[in-house]
Amino acid sequence: GDIIKKAMDEIVAYQPDLVILSGDLTKDGELACHQDIHAMLAAAKKRLKAAGKETQFAVINGNHDINN
């Protein structure tokens, strides 16, 4: 979680047009992990919008993001 929070801070600082997340953001696709990631992405998007930036996020599921 701390690594992703730091990454979101850097994304907000750089204000890119597009962010591509290449998966494996959760532990074995657990619902709580997906909800945590969603909340972090939503918060970063909100911060970016407040700064006047409409950054798009593209999320690609990795094998650890699918409930086994």
# chains A, B, ... in the order shown; residues from 1 in each chain; ligands from 1
$ residues_around --residues "Gln56 in chain A" --least-positions-apart "5" --cutoff "10 Å" --atoms "only C-alpha atoms" --output "number ranges by chain"
A: 16-20, 45
$ select_by_dssp --residues "chain A" --states "alpha helix (DSSP H)" --output "VMD selection string"
chain A and resid 2 to 14 31 to 50
$ residues_around --residues "Gln35 in chain A" --least-positions-apart "6" --cutoff "12 Å" --atoms "only C-alpha atoms" --output "count of residues only"
7
$ closest_residue --among "A:Arg47, A:Ile37, A:Phe57, A:Asn67" --to "Asp2 in chain A" --atoms "only C-alpha atoms"
A:Ile37
$ select_by_dssp --residues "chain A" --states "strand (DSSP E)" --output "PyMOL selection string"
chain A and resi 18-21+56-59
$ closest_residue --among "A:Ala43, A:Lys5, A:Glu10, A:Ser22" --to "Asn63 in chain A" --atoms "only C-alpha atoms"
A:Ser22
$ closest_residue --among "A:Ile66, A:Val12, A:Ile4, A:Ala58" --to "Ala44 in chain A" --atoms "only C-alpha atoms"
A:Val12
$ atom_distance --atom1 "CA of Asp24 in chain A" --atom2 "CA of Ile60 in chain A"
8.7 Å
$ closest_residue --among "A:Cys33, A:Asn61, A:Gly23, A:His38" --to "Met8 in chain A" --atoms "only C-alpha atoms"
A:His38
$ atom_distance --atom1 "CA of Ala50 in chain A" --atom2 "CA of His34 in chain A"
24.2 Å
$ closest_residue --among "A:Ile3, A:His64, A:Val59, A:Tyr14" --to "Asp28 in chain A" --atoms "only C-alpha atoms"
A:His64
$ atom_distance --atom1 "CA of Ala51 in chain A" --atom2 "CA of Asp9 in chain A"
13.0 Å
